[in-house]
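So the structure is just underneath, and the comments pick up after that.
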Amino acid sequence: MGVTGPPGPVMDRDEVDRALARLGAEHEAIETSLLALQDHAGRRLLEGAELTGLTKERWESADASITLLWAYFDAYTDALRSAREIRSRRRWSSREDLVELTELLRGEAVTVAGSATATANAPTLQGGSSKLSEQFTLVTLVERMNELYASSLDIVVAADAVWSALPARIDLLSAELQRTRRLAHSVGVRPGEHPAGDDLERITRTLTSLREQVISDPLAFWQRAQGSSAPGGGRPDTTAYDREARALEDVPREIDAVLTVRQDAEARLVKLRDVLSRADRTLAEARTARGEVLAKIAATEVPVVSGPPTALQEQLATAAEYRRHAQWHRLSPLLESLEQKAEDELLRARESLTAVTAPLAVRAELRGRLDAYKAKVARHGLAEDPFLIERYDAARRMLWSAPCDLRVAEQAVLRYQHAAAELLGPPRVPQQSGPEDRRGESTS
């Protein structure tokens with residue numbers, strides 16, 4: 001290598017020795033880092049994996065950067081060896097030696113073949129050159145190696161962190177998924193038959209696909225820490241994994257609901273039969289009462305009483321069939337629906353009975369009112385009054401005869417009330433109401 005003049009003042013022996021000592025320490029540190037990178041588990045996995053997507057693209061660049069790193073390091077090693085050889089020629093280096101050492105230690109005296117730099121596709125190397133060779137100072141070369149090392153290590157550490165975290169967690173979740181699937185199948189929760197069974201199938205497919213993606217493209221699941229420039233600054237992105245883990249947590253609750261149905265299905269079926277039986281009896285009572293009303297009450301609109309719904313009995317029979325065949329996943333929603341419908345049916349039957357018997361209740365109220373006024377008149381010593389006796393007998397004949405015309409009977413009761421009020425004096429009795437005494441004789 002020809003000497004064209006040192007870059008700046010010629011270094012003295014002490015400066016040379018200090019520079020060589022510093023460069024030697026840097027050489028040792030760089031060599032240690034490169035060997036650690038070479039042996040890094042993440043790098044070995046990247047070399048042997050069938051990569052896809054972002055990881056494939058970035059690893060191709062990083063792999064070329066690592067190759068270039070070693071080329072730079074070899075050039076750095078050769079330059080350092082040459083400088084040490086020159087310094088070791090004499091104990092007291094001549095001026096010519098110092099000039100040569102100054103050029104080697106401070107000048108652009110390190111040559112790297114262009115074929116080596118051309119292999120580097122790292123985005124950090126904006127000046128990747130296709131020249132036959134490039135010239136570097138030792139300081140510039142160290143800076144370039146540090147830059148390449150940081151970018152390569154960042155990819156290796158990120159991929160290794162994802163591979164260390166996510167596949168193991170996915171495998172644990174998959175094991176839990178398999179246990180849940182076996183339990184679900186044992187109680188009849190299967191795909192196509194129960195929503196929870198469909199969820200288990202979807203989670204299984206998603207976890208299988210997620211694991212494949214994590215293995216082939218780990219960097220797609222890496223979330224870089226904001227503001228961090230250190231290699232590997234960030235954490236694995238577990239968003240997709242967390243979503244499936246939460247979905248799996250919901251499935252056991254569905255299975256527990258089915259198991260609960262299995263445990264108390266018979267008791268619930270017995271209660272359902274009882275509720276529907278009470279509804280049927282109430283409807284039968286309403287139909288009987290309707291016949292009585294039609295026979296005893298004249299000129300009254302009496303609602304028709306419908307029969308028991310056969311659909312509920314059919315569904316109840318279906319529920320019993322599901323229980324016999326241990327189809328708990330089908331029995332659970334059917335029982336919930338039937339329980340609500342049965343309560344509604346009992347309420348409807350009671351309302352029907354109330355509507356049908358309303359005329360009898362009106363007649364009973366009129367009878368009670370008539371007898372209450374008779375007792376009041378008796379307390380005032382007017383029980384033998386001929387006019388009141390006539391009015392009382394007229395009203396009583398109407399109320400205790402069949403069929404009873406409620407409108408005419410009510411008017412007769414009101415006439416008796418008014419007559420009694422006239423004799424008893426103020427306060428006057430309201431025109432349309434009387435004492436709320438509900439006593440009366442038994443229906444005829």
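Each chain of the structure tokens is named A, B, ... in the order shown, its residues numbered from 1; ligands are numbered from 1 in display order.
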
| task | Could you give me, as JSON, numbers by chain, the residues within 10 Å of A:Ala402, counting only C-alpha atoms and dropping anything in the same chain fewer than 5 positions from it? | result | {"A": [293, 294, 295, 296, 297, 298, 397, 444]}

Take the residues from that selection and put them in a file with N, CA, C and O atoms, as a PDB file, in the first residue's frame.
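Generated file (out-v1.pdb):
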ATOM      1  N   VAL A 293    -123.082 -20.041  33.601  1.00  0.00           N
ATOM      2  CA  VAL A 293    -123.457 -18.644  33.359  1.00  0.00           C
ATOM      3  C   VAL A 293    -124.539 -18.552  32.298  1.00  0.00           C
ATOM      4  O   VAL A 293    -125.528 -17.813  32.438  1.00  0.00           O
ATOM      5  N   LEU A 294    -124.368 -19.307  31.217  1.00  0.00           N
ATOM      6  CA  LEU A 294    -125.371 -19.272  30.147  1.00  0.00           C
ATOM      7  C   LEU A 294    -126.733 -19.748  30.652  1.00  0.00           C
ATOM      8  O   LEU A 294    -127.784 -19.295  30.173  1.00  0.00           O
ATOM      9  N   ALA A 295    -126.714 -20.698  31.625  1.00  0.00           N
ATOM     10  CA  ALA A 295    -127.981 -21.217  32.153  1.00  0.00           C
ATOM     11  C   ALA A 295    -128.606 -20.278  33.172  1.00  0.00           C
ATOM     12  O   ALA A 295    -129.842 -20.207  33.290  1.00  0.00           O
ATOM     13  N   LYS A 296    -127.786 -19.533  33.945  1.00  0.00           N
ATOM     14  CA  LYS A 296    -128.317 -18.764  35.063  1.00  0.00           C
ATOM     15  C   LYS A 296    -128.409 -17.261  34.801  1.00  0.00           C
ATOM     16  O   LYS A 296    -129.116 -16.554  35.524  1.00  0.00           O
ATOM     17  N   ILE A 297    -127.666 -16.768  33.832  1.00  0.00           N
ATOM     18  CA  ILE A 297    -127.637 -15.335  33.568  1.00  0.00           C
ATOM     19  C   ILE A 297    -128.193 -15.078  32.179  1.00  0.00           C
ATOM     20  O   ILE A 297    -127.739 -15.680  31.195  1.00  0.00           O
ATOM     21  N   ALA A 298    -129.162 -14.192  32.086  1.00  0.00           N
ATOM     22  CA  ALA A 298    -129.796 -13.896  30.802  1.00  0.00           C
ATOM     23  C   ALA A 298    -129.179 -12.642  30.194  1.00  0.00           C
ATOM     24  O   ALA A 298    -128.688 -11.758  30.895  1.00  0.00           O
ATOM     25  N   ARG A 397    -136.554 -12.005  43.964  1.00  0.00           N
ATOM     26  CA  ARG A 397    -137.035 -12.976  42.972  1.00  0.00           C
ATOM     27  C   ARG A 397    -136.169 -12.909  41.713  1.00  0.00           C
ATOM     28  O   ARG A 397    -135.838 -13.935  41.124  1.00  0.00           O
ATOM     29  N   SER A 444    -128.006 -20.202  43.492  1.00  0.00           N
ATOM     30  CA  SER A 444    -129.036 -21.213  43.269  1.00  0.00           C
ATOM     31  C   SER A 444    -128.797 -21.942  41.979  1.00  0.00           C
ATOM     32  O   SER A 444    -128.006 -21.480  41.160  1.00  0.00           O
TER      33      SER A 444
END

| task | Find the residues around A:Asp63 up to 12 Å (only C-alpha atoms counted), leave out those fewer than 2 positions away in its own chain, and share them as a ChimeraX atom specification. | result | /A:37-38,43-44,46-47,55-61,65-70,119-122,148-149,151-153,155-156

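For A:Thr137, the list of residues within 12 Å, based on only C-alpha atoms and with local chain neighbours fewer than 2 positions off taken out, reads Pro7, Tyr72, Ala75, Tyr76, Ala79, Leu80, Thr102, Glu103, Leu104, Leu105, Arg106, Gly107, Glu108, Ala109, Val110, Thr111, Val112, Glu134, Gln135, Val139, Thr140, Leu141, Val142, Glu143 and Arg144 of chain A.
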
| note | The residue from A:Ala326, A:Ala265, A:Ala165, A:Ala355 with the smallest atom-to-atom distance to A:Tyr241, counting only C-alpha atoms, is A:Ala165

| request: Could you pull out the residues in stretch 53-249 of chain A that DSSP calls alpha helix (DSSP H) from the backbone, as a ChimeraX atom specification? | output: /A:53-87,95-106,114-117,138-186,195-216,239-249

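Nearest-residue note for A:Leu172: choosing from A:Ala245, A:Gly233, A:Ala62, A:Leu347, the minimum distance belongs to A:Ala245, counting only C-alpha atoms.
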
| field | Non-local contacts of A:His329 (12 Å; only C-alpha atoms; under 5 positions in same chain excluded) as a PyMOL selection string | value | chain A and resi 184-197+254-262+265+319+322-323+334-336

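Residues within 10 Å of A:Arg273, counting only C-alpha atoms and excluding same-chain residues fewer than 3 positions away, are Ala267, Arg268, Leu269, Val270, Leu276, Ser277, Arg278, Ala279, Gln313, Leu316, Glu339 and Ala342 of chain A.
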
Residues as selected, all heavy atoms, written as an mmCIF file, in the first residue's frame, can you do that?
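Once written, out_16.cif looks like this:
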data_model
loop_
_atom_site.group_PDB
_atom_site.id
_atom_site.type_symbol
_atom_site.label_atom_id
_atom_site.label_comp_id
_atom_site.auth_asym_id
_atom_site.auth_seq_id
_atom_site.Cartn_x
_atom_site.Cartn_y
_atom_site.Cartn_z
ATOM 1 N N ALA A 267 -86.715 -32.714 37.122
ATOM 2 C CA ALA A 267 -87.491 -31.829 37.998
ATOM 3 C C ALA A 267 -88.180 -30.736 37.196
ATOM 4 O O ALA A 267 -89.342 -30.386 37.460
ATOM 5 C CB ALA A 267 -86.574 -31.219 39.059
ATOM 6 N N ARG A 268 -87.483 -30.209 36.205
ATOM 7 C CA ARG A 268 -88.077 -29.150 35.383
ATOM 8 C C ARG A 268 -89.208 -29.696 34.519
ATOM 9 O O ARG A 268 -90.224 -29.016 34.313
ATOM 10 C CB ARG A 268 -86.995 -28.496 34.524
ATOM 11 C CG ARG A 268 -85.999 -27.688 35.341
ATOM 12 C CD ARG A 268 -84.831 -27.195 34.514
ATOM 13 N NE ARG A 268 -85.225 -26.158 33.577
ATOM 14 C CZ ARG A 268 -84.370 -25.556 32.735
ATOM 15 N NH1 ARG A 268 -83.097 -25.937 32.721
ATOM 16 N NH2 ARG A 268 -84.797 -24.610 31.920
ATOM 17 N N LEU A 269 -89.039 -30.921 34.023
ATOM 18 C CA LEU A 269 -90.114 -31.528 33.235
ATOM 19 C C LEU A 269 -91.346 -31.786 34.098
ATOM 20 O O LEU A 269 -92.490 -31.563 33.658
ATOM 21 C CB LEU A 269 -89.621 -32.831 32.597
ATOM 22 C CG LEU A 269 -88.680 -32.682 31.394
ATOM 23 C CD1 LEU A 269 -88.101 -34.026 31.010
ATOM 24 C CD2 LEU A 269 -89.417 -32.064 30.205
ATOM 25 N N VAL A 270 -91.141 -32.245 35.330
ATOM 26 C CA VAL A 270 -92.270 -32.476 36.243
ATOM 27 C C VAL A 270 -92.993 -31.161 36.523
ATOM 28 O O VAL A 270 -94.233 -31.097 36.515
ATOM 29 C CB VAL A 270 -91.769 -33.113 37.552
ATOM 30 C CG1 VAL A 270 -92.868 -33.105 38.612
ATOM 31 C CG2 VAL A 270 -91.296 -34.541 37.300
ATOM 32 N N LEU A 276 -98.785 -27.026 33.125
ATOM 33 C CA LEU A 276 -99.727 -27.240 32.022
ATOM 34 C C LEU A 276 -100.990 -27.942 32.502
ATOM 35 O O LEU A 276 -102.091 -27.673 31.998
ATOM 36 C CB LEU A 276 -99.039 -28.052 30.918
ATOM 37 C CG LEU A 276 -97.943 -27.310 30.143
ATOM 38 C CD1 LEU A 276 -97.289 -28.232 29.110
ATOM 39 C CD2 LEU A 276 -98.505 -26.081 29.443
ATOM 40 N N SER A 277 -100.839 -28.845 33.482
ATOM 41 C CA SER A 277 -102.020 -29.521 34.031
ATOM 42 C C SER A 277 -102.917 -28.522 34.752
ATOM 43 O O SER A 277 -104.150 -28.564 34.616
ATOM 44 C CB SER A 277 -101.578 -30.633 34.985
ATOM 45 O OG SER A 277 -102.694 -31.256 35.583
ATOM 46 N N ARG A 278 -102.323 -27.620 35.515
ATOM 47 C CA ARG A 278 -103.118 -26.583 36.183
ATOM 48 C C ARG A 278 -103.817 -25.685 35.180
ATOM 49 O O ARG A 278 -104.978 -25.287 35.383
ATOM 50 C CB ARG A 278 -102.212 -25.763 37.103
ATOM 51 C CG ARG A 278 -101.798 -26.520 38.359
ATOM 52 C CD ARG A 278 -100.533 -25.968 38.966
ATOM 53 N NE ARG A 278 -100.635 -24.544 39.274
ATOM 54 C CZ ARG A 278 -99.593 -23.763 39.536
ATOM 55 N NH1 ARG A 278 -98.360 -24.289 39.509
ATOM 56 N NH2 ARG A 278 -99.752 -22.502 39.827
ATOM 57 N N ALA A 279 -103.132 -25.382 34.094
ATOM 58 C CA ALA A 279 -103.756 -24.563 33.051
ATOM 59 C C ALA A 279 -104.946 -25.308 32.440
ATOM 60 O O ALA A 279 -106.011 -24.714 32.200
ATOM 61 C CB ALA A 279 -102.727 -24.203 31.982
ATOM 62 N N GLN A 313 -98.158 -29.480 24.390
ATOM 63 C CA GLN A 313 -98.055 -30.889 24.778
ATOM 64 C C GLN A 313 -97.093 -31.637 23.869
ATOM 65 O O GLN A 313 -96.326 -32.494 24.319
ATOM 66 C CB GLN A 313 -99.447 -31.535 24.748
ATOM 67 C CG GLN A 313 -100.411 -30.983 25.794
ATOM 68 C CD GLN A 313 -99.957 -31.265 27.221
ATOM 69 O OE1 GLN A 313 -99.172 -32.183 27.466
ATOM 70 N NE2 GLN A 313 -100.442 -30.470 28.163
ATOM 71 N N LEU A 316 -93.649 -30.659 24.858
ATOM 72 C CA LEU A 316 -93.308 -31.318 26.114
ATOM 73 C C LEU A 316 -92.904 -32.769 25.866
ATOM 74 O O LEU A 316 -91.942 -33.279 26.462
ATOM 75 C CB LEU A 316 -94.493 -31.252 27.071
ATOM 76 C CG LEU A 316 -94.267 -31.806 28.482
ATOM 77 C CD1 LEU A 316 -93.141 -31.057 29.187
ATOM 78 C CD2 LEU A 316 -95.550 -31.727 29.296
ATOM 79 N N GLU A 339 -90.882 -23.363 29.499
ATOM 80 C CA GLU A 339 -91.201 -22.817 30.812
ATOM 81 C C GLU A 339 -91.907 -21.475 30.704
ATOM 82 O O GLU A 339 -92.874 -21.197 31.424
ATOM 83 C CB GLU A 339 -89.923 -22.701 31.648
ATOM 84 C CG GLU A 339 -89.424 -24.053 32.156
ATOM 85 C CD GLU A 339 -88.009 -24.005 32.691
ATOM 86 O OE1 GLU A 339 -87.299 -23.010 32.429
ATOM 87 O OE2 GLU A 339 -87.602 -24.960 33.379
ATOM 88 N N ALA A 342 -95.470 -22.107 29.202
ATOM 89 C CA ALA A 342 -96.369 -22.742 30.164
ATOM 90 C C ALA A 342 -96.912 -21.714 31.153
ATOM 91 O O ALA A 342 -98.108 -21.729 31.490
ATOM 92 C CB ALA A 342 -95.645 -23.859 30.899
#

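Look at A:Leu424: the protein and nucleic acid residues within 10 Å of it, using only C-alpha atoms and passing over chain neighbours fewer than 5 places away, are A:Lys376, A:Val377, A:His380, A:Leu382, A:His418, A:Ala419.
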
Restrict the selected residues to N, CA, C and O atoms and save them as a PDB file, in the first residue's frame.
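This went into selection-v6.pdb:
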ATOM      1  N   LYS A 376    -129.743  -3.445  57.369  1.00  0.00           N
ATOM      2  CA  LYS A 376    -129.700  -2.064  57.845  1.00  0.00           C
ATOM      3  C   LYS A 376    -131.098  -1.568  58.196  1.00  0.00           C
ATOM      4  O   LYS A 376    -131.327  -0.913  59.226  1.00  0.00           O
ATOM      5  N   VAL A 377    -132.049  -1.905  57.313  1.00  0.00           N
ATOM      6  CA  VAL A 377    -133.440  -1.511  57.555  1.00  0.00           C
ATOM      7  C   VAL A 377    -133.963  -2.159  58.825  1.00  0.00           C
ATOM      8  O   VAL A 377    -134.661  -1.535  59.652  1.00  0.00           O
ATOM      9  N   HIS A 380    -133.018  -0.478  62.025  1.00  0.00           N
ATOM     10  CA  HIS A 380    -133.755   0.763  62.294  1.00  0.00           C
ATOM     11  C   HIS A 380    -135.252   0.506  62.522  1.00  0.00           C
ATOM     12  O   HIS A 380    -136.064   1.430  62.523  1.00  0.00           O
ATOM     13  N   LEU A 382    -137.515  -1.030  60.607  1.00  0.00           N
ATOM     14  CA  LEU A 382    -138.394  -0.853  59.452  1.00  0.00           C
ATOM     15  C   LEU A 382    -138.558  -2.149  58.668  1.00  0.00           C
ATOM     16  O   LEU A 382    -138.983  -2.134  57.509  1.00  0.00           O
ATOM     17  N   HIS A 418    -133.123   2.974  47.205  1.00  0.00           N
ATOM     18  CA  HIS A 418    -133.678   4.327  47.239  1.00  0.00           C
ATOM     19  C   HIS A 418    -134.855   4.403  48.209  1.00  0.00           C
ATOM     20  O   HIS A 418    -135.004   5.372  48.975  1.00  0.00           O
ATOM     21  N   ALA A 419    -135.697   3.353  48.190  1.00  0.00           N
ATOM     22  CA  ALA A 419    -136.850   3.340  49.102  1.00  0.00           C
ATOM     23  C   ALA A 419    -136.383   3.315  50.547  1.00  0.00           C
ATOM     24  O   ALA A 419    -136.926   4.020  51.424  1.00  0.00           O
TER      25      ALA A 419
END

| request: Find the distance between atom CA of A:Ala159 and atom CA of A:Gly42 and write it in Å to one decimal. | output: 6.4 Å

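You will find atom CA of A:Arg87 at 9.2 Å from atom CA of A:Leu20.
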
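Of the residues under consideration (A:Ala420, A:Met398, A:Ala29, A:Ala372), A:Ala420 shows the shortest atom-to-atom contact distance to A:Asp385 when counting only C-alpha atoms.
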
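Using only C-alpha atoms, the residues found no farther than 12 Å from A:Asp242, other than those of its own chain fewer than 5 positions away, are Leu166, Arg169, Ile170, Leu173, Ile203, Thr206, Leu207, Leu210, Pro236, Asp237, Ala247, Leu248 and Glu249 of chain A.
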
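Counting from atom CA of A:Glu26, the distance to atom CA of A:Asp154 is 20.8 Å.
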